[in-house]
file target30.txt (compact mmCIF, C-alpha atoms and all ligand atoms)
# COMPACT_ATOMS: atom_id res chain seq x y z
CA MET A 1 142.20 -99.74 -11.29
CA THR A 2 142.70 -103.50 -11.17
CA ALA A 3 143.25 -105.14 -7.82
CA GLN A 4 146.69 -106.62 -7.31
CA ARG A 5 147.34 -110.34 -7.29
CA ILE A 6 149.07 -112.28 -4.50
CA SER A 7 152.15 -113.81 -6.09
CA GLU A 8 154.26 -114.92 -3.13
CA ILE A 9 153.69 -115.95 0.49
CA SER A 10 156.22 -116.83 3.16
CA VAL A 11 156.21 -118.06 6.74
CA THR A 12 159.01 -117.37 9.23
CA PRO A 13 159.23 -118.11 12.95
CA ILE A 14 160.30 -114.89 14.67
CA THR A 15 161.38 -114.71 18.31
CA VAL A 16 159.68 -112.19 20.54
CA ALA A 17 160.89 -111.50 24.08
CA TYR A 18 159.13 -110.39 27.25
CA ARG A 19 160.71 -107.80 29.52
CA LYS A 20 160.99 -110.41 32.28
CA GLU A 21 160.24 -114.06 32.92
CA LEU A 22 156.49 -114.56 33.24
CA GLY A 23 155.26 -116.90 35.96
CA ARG A 24 152.28 -119.25 36.09
CA ASN A 25 148.58 -118.61 35.92
CA SER A 26 146.01 -120.75 37.72
CA ASN A 27 146.54 -123.70 35.39
CA ARG A 28 149.73 -123.30 33.29
CA GLU A 29 153.40 -123.69 34.15
CA ASN A 30 155.66 -120.62 33.87
CA ILE A 31 155.23 -118.87 30.55
CA GLY A 32 158.95 -118.03 30.44
CA ALA A 33 160.76 -115.18 28.76
CA ASN A 34 160.10 -115.70 25.03
CA ASN A 35 157.44 -116.50 22.51
CA THR A 36 157.31 -117.01 18.74
CA GLU A 37 155.51 -115.01 16.08
CA TRP A 38 154.78 -117.22 13.06
CA LEU A 39 155.06 -114.31 10.67
CA VAL A 40 153.15 -114.60 7.37
CA ARG A 41 154.18 -112.19 4.59
CA ALA A 42 151.98 -112.06 1.49
CA ARG A 43 153.39 -110.10 -1.47
CA THR A 44 151.54 -108.88 -4.52
CA ASP A 45 152.58 -108.54 -8.14
CA GLY A 46 152.45 -104.76 -7.64
CA GLY A 47 154.99 -104.82 -4.82
CA LEU A 48 152.69 -104.54 -1.77
CA GLU A 49 153.09 -106.68 1.31
CA GLY A 50 150.38 -107.72 3.79
CA LEU A 51 151.09 -109.36 7.15
CA THR A 52 149.57 -111.65 9.73
CA ILE A 53 150.73 -114.29 12.20
CA ALA A 54 149.77 -117.98 12.18
CA ASN A 55 150.22 -118.60 15.91
CA ARG A 56 146.67 -119.86 16.26
CA TYR A 57 147.34 -122.52 13.62
CA MET A 58 150.82 -123.52 14.74
CA ARG A 59 149.99 -124.04 18.38
CA VAL A 60 147.39 -126.72 17.60
CA PHE A 61 149.37 -129.92 17.28
CA ASN A 62 147.92 -133.41 17.48
CA ASP A 63 150.39 -135.65 15.69
CA PHE A 64 152.62 -135.65 12.62
CA LEU A 65 149.93 -137.24 10.46
CA LYS A 66 147.63 -134.21 10.88
CA PRO A 67 148.23 -130.87 9.14
CA GLU A 68 147.58 -128.54 12.14
CA GLY A 69 150.63 -127.23 13.91
CA ARG A 70 153.01 -128.16 11.08
CA MET A 71 154.65 -125.96 8.46
CA GLU A 72 153.48 -128.31 5.69
CA GLY A 73 149.83 -127.88 6.67
CA LEU A 74 150.19 -124.14 7.12
CA VAL A 75 151.80 -123.61 3.72
CA ALA A 76 149.10 -125.71 2.02
CA LEU A 77 146.36 -123.68 3.71
CA LEU A 78 147.94 -120.36 2.71
CA ARG A 79 148.48 -121.55 -0.85
CA GLU A 80 144.87 -122.61 -1.24
CA THR A 81 143.43 -119.49 0.38
CA PHE A 82 145.62 -116.68 -0.92
CA LEU A 83 148.09 -117.57 -3.66
CA GLY A 84 147.05 -116.26 -7.08
CA LYS A 85 143.98 -114.45 -5.66
CA ARG A 86 143.32 -110.75 -6.23
CA THR A 87 142.99 -108.48 -3.21
CA ASP A 88 139.37 -107.68 -4.13
CA GLU A 89 138.23 -111.30 -3.86
CA PHE A 90 138.09 -111.51 -0.04
CA LEU A 91 135.94 -108.79 1.53
CA GLU A 92 132.63 -107.12 0.72
CA MET A 93 133.52 -103.44 0.48
CA ASN A 94 131.27 -100.39 0.49
CA GLY A 95 133.65 -97.63 -0.53
CA GLY A 96 136.43 -97.92 2.04
CA ASP A 97 134.25 -99.78 4.58
CA ALA A 98 134.59 -103.53 4.99
CA VAL A 99 131.01 -104.71 5.38
CA GLY A 100 131.46 -108.48 5.25
CA VAL A 101 133.37 -111.46 3.91
CA LYS A 102 132.74 -112.73 0.37
CA SER A 103 131.08 -116.13 0.41
CA PRO A 104 134.00 -118.31 -0.81
CA PHE A 105 135.99 -117.14 2.24
CA LEU A 106 133.28 -117.18 4.93
CA ASP A 107 134.14 -120.60 6.33
CA VAL A 108 137.91 -120.34 6.13
CA PHE A 109 138.02 -116.87 7.72
CA ARG A 110 135.61 -117.97 10.46
CA THR A 111 137.87 -120.93 11.27
CA HIS A 112 141.14 -119.01 10.86
CA GLY A 113 140.44 -115.42 11.93
CA TRP A 114 144.12 -114.50 11.58
CA MET A 115 143.79 -114.98 7.81
CA ASN A 116 140.87 -112.54 7.78
CA ILE A 117 143.26 -109.93 9.23
CA LEU A 118 145.73 -110.60 6.40
CA ALA A 119 142.91 -109.96 3.93
CA PHE A 120 142.16 -106.64 5.65
CA ASP A 121 145.81 -105.60 5.49
CA LEU A 122 146.12 -106.49 1.79
CA VAL A 123 142.88 -104.77 0.79
CA GLY A 124 143.75 -101.68 2.82
CA ARG A 125 147.20 -101.40 1.30
CA ASP A 126 145.89 -101.90 -2.22
CA MET A 127 143.14 -99.29 -1.75
CA GLY A 128 145.33 -96.90 0.27
CA VAL A 129 142.87 -97.09 3.17
CA SER A 130 143.68 -97.76 6.84
CA CYS A 131 142.19 -100.79 8.56
CA VAL A 132 140.79 -98.34 11.14
CA ASN A 133 138.71 -96.78 8.36
CA MET A 134 137.82 -100.18 6.92
CA LEU A 135 136.44 -101.08 10.38
CA GLY A 136 134.13 -98.06 10.37
CA GLY A 137 136.47 -95.18 11.15
CA PRO A 138 138.12 -93.83 14.28
CA GLN A 139 136.18 -93.75 17.55
CA ARG A 140 139.22 -92.45 19.44
CA ASP A 141 142.69 -91.21 18.53
CA ARG A 142 144.49 -93.06 21.34
CA VAL A 143 143.94 -96.62 22.58
CA ASP A 144 144.36 -97.40 26.29
CA ALA A 145 146.50 -100.42 27.16
CA TYR A 146 146.96 -102.51 30.26
CA ASP A 147 150.04 -104.41 31.41
CA THR A 148 149.11 -108.10 31.31
CA THR A 149 152.43 -109.49 32.54
CA LEU A 150 151.67 -109.76 36.27
CA TRP A 151 151.41 -113.56 36.30
CA HIS A 152 152.22 -115.55 39.43
CA GLN A 153 155.56 -113.78 39.75
CA ASP A 154 155.68 -114.85 43.39
CA MET A 155 156.35 -118.37 42.09
CA VAL A 156 159.24 -117.16 39.90
CA THR A 157 160.75 -115.37 42.90
CA PRO A 158 159.28 -117.22 45.91
CA GLU A 159 161.46 -115.43 48.46
CA ASN A 160 159.75 -112.15 47.60
CA ALA A 161 156.20 -113.61 47.69
CA ALA A 162 153.52 -110.94 47.18
CA ARG A 163 156.07 -108.11 47.24
CA GLN A 164 157.40 -109.21 43.84
CA GLU A 165 154.24 -108.21 42.02
CA GLY A 166 154.22 -104.86 43.76
CA GLU A 167 157.77 -104.26 42.55
CA ASP A 168 156.92 -105.41 39.01
CA ALA A 169 153.87 -103.13 38.95
CA ALA A 170 155.93 -100.18 40.21
CA ALA A 171 158.49 -100.74 37.43
CA SER A 172 155.71 -100.91 34.87
CA TYR A 173 154.20 -97.69 36.26
CA ASN A 174 157.56 -96.02 35.71
CA ASP A 175 157.41 -97.23 32.09
CA GLY A 176 154.13 -95.36 31.68
CA TYR A 177 151.49 -98.04 32.37
CA ARG A 178 148.39 -97.00 34.27
CA GLN A 179 146.36 -100.22 34.10
CA PHE A 180 147.51 -103.60 35.42
CA LYS A 181 146.00 -107.08 35.27
CA ILE A 182 146.98 -109.58 37.93
CA LYS A 183 146.70 -113.35 37.56
CA VAL A 184 144.95 -114.86 40.58
CA GLY A 185 143.36 -118.25 41.26
CA ARG A 186 146.39 -119.79 42.95
CA GLY A 187 144.11 -122.03 45.00
CA GLY A 188 142.79 -123.82 41.92
CA ARG A 189 145.91 -125.91 41.42
CA TRP A 190 149.18 -124.61 42.88
CA MET A 191 148.20 -123.94 46.48
CA LEU A 192 145.53 -125.16 48.86
CA PRO A 193 142.30 -123.28 48.12
CA ARG A 194 142.22 -121.04 51.18
CA GLU A 195 145.96 -120.34 51.20
CA GLY A 196 145.80 -119.55 47.48
CA MET A 197 142.95 -117.10 48.02
CA GLN A 198 144.92 -115.39 50.80
CA ARG A 199 147.99 -115.02 48.55
CA ASP A 200 145.76 -113.65 45.78
CA VAL A 201 144.48 -110.99 48.19
CA GLU A 202 148.00 -110.10 49.35
CA VAL A 203 149.19 -109.68 45.78
CA VAL A 204 146.26 -107.47 44.78
CA LEU A 205 146.75 -105.23 47.80
CA ALA A 206 150.52 -105.05 47.15
CA VAL A 207 149.93 -103.93 43.57
CA ARG A 208 147.40 -101.30 44.64
CA ASP A 209 149.91 -100.03 47.18
CA ALA A 210 152.61 -99.86 44.51
CA VAL A 211 150.66 -97.98 41.82
CA GLY A 212 148.58 -95.60 43.93
CA PRO A 213 144.85 -94.89 43.89
CA ASP A 214 144.38 -93.59 40.33
CA CYS A 215 145.39 -96.63 38.27
CA LYS A 216 143.06 -99.40 37.16
CA ILE A 217 143.65 -102.89 38.55
CA MET A 218 142.06 -105.99 37.07
CA VAL A 219 142.29 -109.64 38.11
CA ASP A 220 142.05 -112.84 36.07
CA ALA A 221 141.64 -116.27 37.70
CA ASN A 222 141.43 -118.40 34.55
CA PHE A 223 138.63 -120.29 36.39
CA GLY A 224 140.81 -120.90 39.46
CA TYR A 225 137.80 -120.31 41.77
CA ASP A 226 135.65 -123.01 40.18
CA GLY A 227 133.93 -124.98 42.92
CA HIS A 228 134.85 -122.37 45.53
CA LEU A 229 132.25 -119.59 45.42
CA ASN A 230 132.66 -119.21 49.19
CA LEU A 231 136.37 -118.42 48.75
CA LEU A 232 135.59 -116.16 45.81
CA GLU A 233 133.29 -114.23 48.14
CA ASP A 234 136.14 -113.90 50.65
CA PHE A 235 138.46 -112.71 47.85
CA VAL A 236 136.00 -110.09 46.64
CA ARG A 237 135.35 -108.82 50.18
CA GLU A 238 139.01 -108.66 51.18
CA THR A 239 140.05 -106.83 48.01
CA LEU A 240 137.31 -104.18 48.23
CA PRO A 241 139.90 -101.57 49.36
CA ALA A 242 141.83 -102.20 46.11
CA ASP A 243 138.82 -101.09 44.00
CA ILE A 244 139.21 -103.77 41.31
CA PHE A 245 138.08 -102.60 37.85
CA TRP A 246 137.18 -106.02 36.48
CA LEU A 247 137.00 -109.64 37.64
CA GLU A 248 137.92 -111.93 34.72
CA GLU A 249 137.12 -115.64 34.39
CA MET A 250 136.86 -116.09 38.14
CA ILE A 251 134.65 -119.09 37.41
CA THR A 252 133.67 -121.01 34.25
CA ALA A 253 130.91 -119.39 32.19
CA ASP A 254 127.57 -120.73 33.41
CA VAL A 255 124.32 -118.80 33.76
CA GLU A 256 123.36 -120.13 37.21
CA HIS A 257 126.83 -119.59 38.66
CA TYR A 258 127.08 -116.09 37.21
CA ARG A 259 123.68 -115.17 38.68
CA GLU A 260 124.96 -116.21 42.06
CA PHE A 261 128.32 -114.47 41.52
CA ARG A 262 126.63 -111.23 40.49
CA ARG A 263 124.28 -111.26 43.47
CA MET A 264 127.26 -111.80 45.74
CA ARG A 265 129.19 -108.96 44.09
CA ASP A 266 126.22 -106.59 44.54
CA ARG A 267 125.65 -107.68 48.14
CA LEU A 268 129.27 -106.87 49.00
CA GLY A 269 129.06 -103.46 47.33
CA CYS A 270 131.75 -104.35 44.81
CA GLN A 271 131.79 -102.20 41.64
CA ALA A 272 134.03 -104.45 39.53
CA MET A 273 132.86 -105.54 36.09
CA LEU A 274 132.46 -109.27 35.47
CA VAL A 275 134.15 -110.25 32.21
CA CYS A 276 134.85 -113.47 30.30
CA GLY A 277 134.73 -115.03 26.83
CA GLU A 278 138.34 -115.51 25.71
CA VAL A 279 137.67 -119.25 25.51
CA ASP A 280 134.84 -118.69 23.00
CA ARG A 281 136.36 -119.84 19.69
CA THR A 282 133.04 -119.61 17.80
CA PRO A 283 131.56 -116.38 19.08
CA ILE A 284 128.91 -115.74 20.21
CA SER A 285 128.35 -119.25 21.62
CA PRO A 286 125.07 -120.00 23.42
CA VAL A 287 126.27 -119.69 27.01
CA PHE A 288 127.92 -116.32 26.32
CA SER A 289 124.87 -115.16 24.40
CA ASP A 290 122.79 -115.97 27.50
CA LEU A 291 125.23 -114.18 29.83
CA ILE A 292 125.15 -111.10 27.58
CA GLY A 293 121.37 -111.24 27.08
CA GLU A 294 120.65 -111.51 30.80
CA GLY A 295 123.07 -108.71 31.71
CA LEU A 296 125.20 -111.07 33.79
CA ILE A 297 128.54 -109.94 32.34
CA ASP A 298 129.94 -106.48 31.57
CA GLY A 299 132.74 -107.36 29.12
CA TYR A 300 133.24 -110.04 26.45
CA GLN A 301 136.68 -111.23 25.36
CA PRO A 302 137.15 -113.29 22.18
CA ASP A 303 140.72 -113.04 20.87
CA THR A 304 141.09 -110.55 17.99
CA VAL A 305 143.79 -112.48 16.13
CA GLY A 306 141.96 -115.75 16.80
CA VAL A 307 138.52 -114.75 15.50
CA GLY A 308 139.50 -111.99 13.04
CA PHE A 309 138.23 -108.47 12.38
CA SER A 310 135.07 -109.45 10.49
CA THR A 311 133.82 -111.67 13.33
CA TRP A 312 134.60 -108.93 15.86
CA GLN A 313 132.65 -106.45 13.71
CA ALA A 314 129.63 -108.77 13.95
CA ILE A 315 130.12 -109.18 17.71
CA GLY A 316 130.36 -105.39 18.07
CA ARG A 317 127.01 -104.93 16.31
CA ARG A 318 125.42 -107.34 18.79
CA LEU A 319 127.02 -105.66 21.81
CA GLU A 320 125.87 -102.20 20.73
CA SER A 321 122.34 -102.89 21.98
CA THR A 322 123.73 -103.91 25.40
CA SER A 323 126.05 -102.33 27.96
CA VAL A 324 128.66 -105.07 27.47
CA LEU A 325 132.12 -103.77 26.50
CA ALA A 326 134.47 -105.26 23.91
CA ILE A 327 137.62 -106.35 25.75
CA PRO A 328 139.44 -108.64 23.31
CA HIS A 329 141.88 -111.23 24.62
CA ASN A 330 145.36 -110.64 23.23
CA PHE A 331 147.84 -113.02 24.83
CA GLY A 332 150.39 -114.96 22.78
CA ASN A 333 149.91 -112.75 19.73
CA GLY A 334 153.31 -111.07 19.67
CA ASN A 335 153.91 -107.53 18.51
CA PHE A 336 151.60 -108.23 15.58
CA GLY A 337 148.73 -108.77 18.04
CA THR A 338 149.40 -105.43 19.70
CA ARG A 339 149.05 -103.68 16.34
CA ALA A 340 145.94 -105.61 15.36
CA ASN A 341 144.30 -104.63 18.64
CA ILE A 342 145.30 -100.97 18.45
CA VAL A 343 143.64 -100.86 15.05
CA PHE A 344 140.54 -102.72 16.21
CA GLY A 345 140.36 -100.67 19.41
CA ALA A 346 140.61 -97.39 17.53
CA ALA A 347 137.53 -98.25 15.47
CA SER A 348 135.40 -100.19 17.97
CA LYS A 349 132.61 -98.21 19.65
CA GLY A 350 132.49 -100.32 22.82
CA PHE A 351 136.21 -101.01 23.17
CA ALA A 352 137.64 -100.82 26.70
CA THR A 353 141.42 -101.35 26.69
CA LEU A 354 144.21 -103.32 24.97
CA GLU A 355 145.80 -106.38 26.58
CA ASP A 356 149.50 -105.53 26.25
CA GLU A 357 152.19 -108.20 26.71
CA ARG A 358 154.85 -105.49 26.54
CA TYR A 359 157.12 -107.44 24.21
CA LEU A 360 160.44 -105.94 23.26
CA PRO A 361 160.63 -104.66 19.67
CA ASN A 362 161.58 -107.46 17.28
CA ILE A 363 161.03 -107.53 13.54
CA TYR A 364 158.82 -104.52 12.79
CA LYS A 365 159.93 -101.01 11.92
CA ALA A 366 159.31 -98.35 14.54
CA ASP A 367 156.43 -96.09 13.46
CA GLY A 368 153.85 -93.62 14.73
CA PHE A 369 151.86 -96.13 16.83
CA ALA A 370 153.89 -95.18 19.89
CA PHE A 371 153.09 -95.87 23.55
CA ALA A 372 153.09 -93.08 26.14
CA ASP A 373 151.17 -92.31 29.35
CA GLY A 374 149.10 -95.49 29.34
CA SER A 375 147.94 -95.47 25.73
CA TYR A 376 149.01 -95.93 22.12
CA ALA A 377 148.79 -93.28 19.44
CA VAL A 378 146.87 -94.31 16.31
CA ALA A 379 148.80 -93.25 13.22
CA ASP A 380 147.31 -92.76 9.77
CA ALA A 381 148.66 -95.51 7.51
CA SER A 382 147.22 -97.85 4.90
CA GLY A 383 146.28 -101.34 6.04
CA LEU A 384 147.62 -102.13 9.49
CA GLY A 385 150.51 -99.73 8.93
CA LEU A 386 152.91 -102.42 10.12
CA ASP A 387 156.11 -103.04 8.13
CA VAL A 388 158.89 -105.58 8.49
CA ASP A 389 162.38 -104.20 9.07
CA ASP A 390 164.12 -106.00 6.24
CA ASP A 391 167.65 -105.43 7.50
CA THR A 392 166.87 -107.29 10.72
CA PHE A 393 164.89 -109.91 8.83
CA GLN A 394 167.73 -110.67 6.43
CA ARG A 395 170.37 -110.66 9.13
CA ILE A 396 168.64 -112.97 11.63
CA TYR A 397 165.57 -114.69 10.25
CA ALA A 398 165.71 -115.07 6.46
CA LYS A 399 167.48 -118.44 6.70
CA ASN A 400 164.31 -119.89 8.28
CA GLU A 401 161.87 -118.35 5.80
CA VAL A 402 159.69 -120.83 3.90
CA SER A 403 158.42 -119.25 0.70
CA ILE A 404 155.88 -120.29 -1.94
CA SER A 405 155.05 -118.55 -5.18
CA GLU A 406 152.85 -119.07 -8.24
MG MG B 501 142.29 -114.00 30.59

call {"tool": "encode", "arguments": {"input": "target30.txt", "output": "structure tokens", "more": "lines below"}}
Ligand SMILES: [Mg+2]
result
Amino acid sequence: MTAQRISEISVTPITVAYRKELGRNSNRENIGANNTEWLVRARTDGGLEGLTIANRYMRVFNDFLKPEGRMEGLVALLRETFLGKRTDEFLEMNGGDAVGVKSPFLDVFRTHGWMNILAFDLVGRDMGVSCVNMLGGPQRDRVDAYDTTLWHQDMVTPENAARQEGEDAAASYNDGYRQFKIKVGRGGRWMLPREGMQRDVEVVLAVRDAVGPDCKIMVDANFGYDGHLNLLEDFVRETLPADIFWLEEMITADVEHYREFRRMRDRLGCQAMLVCGEVDRTPISPVFSDLIGEGLIDGYQPDTVGVGFSTWQAIGRRLESTSVLAIPHNFGNGNFGTRANIVFGAASKGFATLEDERYLPNIYKADGFAFADGSYAVADASGLGLDVDDDTFQRIYAKNEVSISE
């Protein structure tokens, strides 16, 4: 059987909506209520369609004389990489297993991991194999997910202060979520350091109160405790009753600082994992390699859509000889990112849980990858199993579709 050829590619900005307005984190203004998925559809001469999103390309914008962040640059990159290529030109396959990237695509897929995921989807669809199987086969039949939308909601609704996040968490619990990540680090920028730490503590305790003792609670400071290890110690001590599951990016990755942080955590009798790595765009960079090698972190977090499946496969092989879990970052990746991470999580041996932005359904057909009781089902489907709902696409979005063909 001859592999199919990619004959047409299009890019369309698709709106995706949160279930509420998201507040700040330690360093960014309010996220707001919407995001965009830069949907890439690649069609073959045999009638297949593979998907990815180009958010990682479109959000890098320097000026109008540079290609990044502009439709013109994106279309040129897609044309050069995919148009006219056969689906068997991208990945090294061993039967249905993807075992590497073919050399002409090593650099481009390393730089643009989201294009590597498109290659997986196209190959899987052409071979009739699921991306879960291409990634080594299922390790689990459901993938746990955590609600990642508890930003600084107290700053969206200041009159409610810490109570707001408790109410948001309770609503999310009623929707079936059993794991919740809370943005902390208010004292880094938005509040005075000690007052910010106190509010962080209040919020964490309010969420624990709201969801009961059996749920997992994580916190993420986006480095908001940099320069304040003393206040971080106070935060860890005062939140001990909340039994935090992981402490994410409390401080910038640095071997000396993490040694100190870990000693402090142990001294206080805190069981929380220390996790970081979403800022690593070229994994595994030296500082993270040192943190992993010295056992100073418990979870590592490069973004799945940012770095691609093949790079995460290589990371996974390295992590297997350690106790460090794979906890990919997945923020800003739309509903496509949720699917990509369900698929990766289903196949990854050391996977912990999926970062879920809880977007409303937008452009994709409903299918068997359904959420219930804190986790997603993994359906059997070729490629990513994700399909565009063409009625909705034609009705709302087709007028903004930019298409290129051979
Ligand atoms: Mg984070």

call {"tool": "residues_near_ligand", "arguments": {"input": "target30.txt", "ligand": "ligand MG 501 (chain B)", "cutoff": "10 Å", "atoms": "all atoms listed in the file", "output": "PyMOL selection string"}}
result
chain A and resi 25+148+181-183+219-223+247-250+275-279+301-303+328-331+355

call {"tool": "atom_distance", "arguments": {"input": "target30.txt", "atom1": "CA of Gly269 in chain A", "atom2": "CA of Asp243 in chain A"}}
result
10.6 Å

call {"tool": "atom_distance", "arguments": {"input": "target30.txt", "atom1": "CA of Asn335 in chain A", "atom2": "CA of Asp214 in chain A"}}
result
27.6 Å

call {"tool": "closest_residue", "arguments": {"input": "target30.txt", "among": "A:Leu83, A:Val11, A:Ile315, A:Val16", "to": "Ala54 in chain A", "atoms": "all atoms listed in the file"}}
result
A:Val11

call {"tool": "residues_around", "arguments": {"input": "target30.txt", "residues": "Gly188 in chain A", "least_positions_apart": "3", "cutoff": "10 Å", "atoms": "all atoms listed in the file", "output": "PyMOL selection string"}}
result
chain A and resi 25-27+184-185+191-194+196-197+221-228

call {"tool": "closest_residue", "arguments": {"input": "target30.txt", "among": "A:Ser321, A:Thr304, A:Ser103, A:Ser289", "to": "Ile117 in chain A", "atoms": "all atoms listed in the file"}}
result
A:Thr304

call {"tool": "closest_atom_pairs", "arguments": {"input": "target30.txt", "of": "range 231-325 of chain A", "to": "range 120-131 of chain A", "cutoff": "12 Å", "atoms": "only C-alpha atoms", "output": "Markdown table"}}
result
| residue | atom | partner | partner_atom | distance |
| --- | --- | --- | --- | --- |
| A:Gly308 | CA | A:Phe120 | CA | 9.5 |
| A:Phe309 | CA | A:Phe120 | CA | 8.0 |
| A:Ser310 | CA | A:Phe120 | CA | 9.0 |

call {"tool": "atom_distance", "arguments": {"input": "target30.txt", "atom1": "CA of Arg281 in chain A", "atom2": "CA of Arg56 in chain A"}}
result
10.9 Å

call {"tool": "residues_around", "arguments": {"input": "target30.txt", "residues": "range 377-389 of chain A", "least_positions_apart": "5", "cutoff": "10 Å", "atoms": "all atoms listed in the file", "output": "JSON, numbers by chain"}}
result
{"A": [39, 41, 49, 50, 51, 52, 117, 118, 119, 120, 121, 122, 123, 124, 125, 126, 127, 128, 129, 130, 131, 132, 133, 134, 138, 140, 141, 142, 143, 144, 335, 336, 339, 340, 342, 343, 344, 345, 346, 362, 363, 364, 365, 366, 367, 368, 369, 370, 371, 372, 394]}

call {"tool": "write_last_selection", "arguments": {"input": "target30.txt", "atoms": "C-alpha atoms", "output": "short mmCIF file (atom, residue, chain, number, x, y, z; two decimals), in the coordinates of the input"}}
result
data_model
loop_
_atom_site.label_atom_id
_atom_site.label_comp_id
_atom_site.auth_asym_id
_atom_site.auth_seq_id
_atom_site.Cartn_x
_atom_site.Cartn_y
_atom_site.Cartn_z
CA LEU A 39 155.06 -114.31 10.67
CA ARG A 41 154.18 -112.19 4.59
CA GLU A 49 153.09 -106.68 1.31
CA GLY A 50 150.38 -107.72 3.79
CA LEU A 51 151.09 -109.36 7.15
CA THR A 52 149.57 -111.65 9.73
CA ILE A 117 143.26 -109.93 9.23
CA LEU A 118 145.73 -110.60 6.40
CA ALA A 119 142.91 -109.96 3.93
CA PHE A 120 142.16 -106.64 5.65
CA ASP A 121 145.81 -105.60 5.49
CA LEU A 122 146.12 -106.49 1.79
CA VAL A 123 142.88 -104.77 0.79
CA GLY A 124 143.75 -101.68 2.82
CA ARG A 125 147.20 -101.40 1.30
CA ASP A 126 145.89 -101.90 -2.22
CA MET A 127 143.14 -99.29 -1.75
CA GLY A 128 145.33 -96.90 0.27
CA VAL A 129 142.87 -97.09 3.17
CA SER A 130 143.68 -97.76 6.84
CA CYS A 131 142.19 -100.79 8.56
CA VAL A 132 140.79 -98.34 11.14
CA ASN A 133 138.71 -96.78 8.36
CA MET A 134 137.82 -100.18 6.92
CA PRO A 138 138.12 -93.83 14.28
CA ARG A 140 139.22 -92.45 19.44
CA ASP A 141 142.69 -91.21 18.53
CA ARG A 142 144.49 -93.06 21.34
CA VAL A 143 143.94 -96.62 22.58
CA ASP A 144 144.36 -97.40 26.29
CA ASN A 335 153.91 -107.53 18.51
CA PHE A 336 151.60 -108.23 15.58
CA ARG A 339 149.05 -103.68 16.34
CA ALA A 340 145.94 -105.61 15.36
CA ILE A 342 145.30 -100.97 18.45
CA VAL A 343 143.64 -100.86 15.05
CA PHE A 344 140.54 -102.72 16.21
CA GLY A 345 140.36 -100.67 19.41
CA ALA A 346 140.61 -97.39 17.53
CA ASN A 362 161.58 -107.46 17.28
CA ILE A 363 161.03 -107.53 13.54
CA TYR A 364 158.82 -104.52 12.79
CA LYS A 365 159.93 -101.01 11.92
CA ALA A 366 159.31 -98.35 14.54
CA ASP A 367 156.43 -96.09 13.46
CA GLY A 368 153.85 -93.62 14.73
CA PHE A 369 151.86 -96.13 16.83
CA ALA A 370 153.89 -95.18 19.89
CA PHE A 371 153.09 -95.87 23.55
CA ALA A 372 153.09 -93.08 26.14
CA GLN A 394 167.73 -110.67 6.43
#

call {"tool": "closest_residue", "arguments": {"input": "target30.txt", "among": "A:Asp391, A:Asp63, A:Glu357, A:Glu80", "to": "Ile31 in chain A", "atoms": "all atoms listed in the file"}}
result
A:Glu357

call {"tool": "closest_atom_pairs", "arguments": {"input": "target30.txt", "of": "range 164-266 of chain A", "to": "range 154-159 of chain A", "cutoff": "9 Å", "atoms": "all atoms listed in the file", "output": "tab-separated table"}}
result
residue	atom	partner	partner_atom	distance
A:Gln164	CA	A:Asp154	CA	5.9
A:Glu165	CA	A:Asp154	CA	6.9
A:Val203	CA	A:Asp154	CA	8.6

call {"tool": "closest_residue", "arguments": {"input": "target30.txt", "among": "A:Ala242, A:Asn62, A:Glu406, A:Leu274", "to": "Ile6 in chain A", "atoms": "all atoms listed in the file"}}
result
A:Glu406

call {"tool": "closest_residue", "arguments": {"input": "target30.txt", "among": "A:Arg86, A:Gly374, A:Ala206, A:Val402", "to": "Gln179 in chain A", "atoms": "all atoms listed in the file"}}
result
A:Gly374

call {"tool": "closest_residue", "arguments": {"input": "target30.txt", "among": "A:Glu68, A:Asp356, A:Glu37, A:Glu92", "to": "Asn55 in chain A", "atoms": "all atoms listed in the file"}}
result
A:Glu37

call {"tool": "residues_around", "arguments": {"input": "target30.txt", "residues": "Asp107 in chain A", "least_positions_apart": "3", "cutoff": "12 Å", "atoms": "all atoms listed in the file", "output": "PyMOL selection string"}}
result
chain A and resi 81+90+101-104+110-113+115-116+282+307+310-311

call {"tool": "write_last_selection", "arguments": {"input": "target30.txt", "atoms": "C-alpha atoms", "output": "PDB file, in the frame of the given file"}}
result
ATOM      1  CA  THR A  81     143.430-119.490   0.380  1.00  0.00           C
ATOM      2  CA  PHE A  90     138.090-111.510  -0.040  1.00  0.00           C
ATOM      3  CA  VAL A 101     133.370-111.460   3.910  1.00  0.00           C
ATOM      4  CA  LYS A 102     132.740-112.730   0.370  1.00  0.00           C
ATOM      5  CA  SER A 103     131.080-116.130   0.410  1.00  0.00           C
ATOM      6  CA  PRO A 104     134.000-118.310  -0.810  1.00  0.00           C
ATOM      7  CA  ARG A 110     135.610-117.970  10.460  1.00  0.00           C
ATOM      8  CA  THR A 111     137.870-120.930  11.270  1.00  0.00           C
ATOM      9  CA  HIS A 112     141.140-119.010  10.860  1.00  0.00           C
ATOM     10  CA  GLY A 113     140.440-115.420  11.930  1.00  0.00           C
ATOM     11  CA  MET A 115     143.790-114.980   7.810  1.00  0.00           C
ATOM     12  CA  ASN A 116     140.870-112.540   7.780  1.00  0.00           C
ATOM     13  CA  THR A 282     133.040-119.610  17.800  1.00  0.00           C
ATOM     14  CA  VAL A 307     138.520-114.750  15.500  1.00  0.00           C
ATOM     15  CA  SER A 310     135.070-109.450  10.490  1.00  0.00           C
ATOM     16  CA  THR A 311     133.820-111.670  13.330  1.00  0.00           C
TER      17      THR A 311
END

call {"tool": "axis_aligned_box", "arguments": {"input": "target30.txt", "around": "range 145-151 of chain A", "padding_each_side": "5 Å", "output": "JSON"}}
result
{"center_x": 149.5, "center_y": -107.0, "center_z": 31.7, "size_x": 15.9, "size_y": 23.1, "size_z": 19.1}
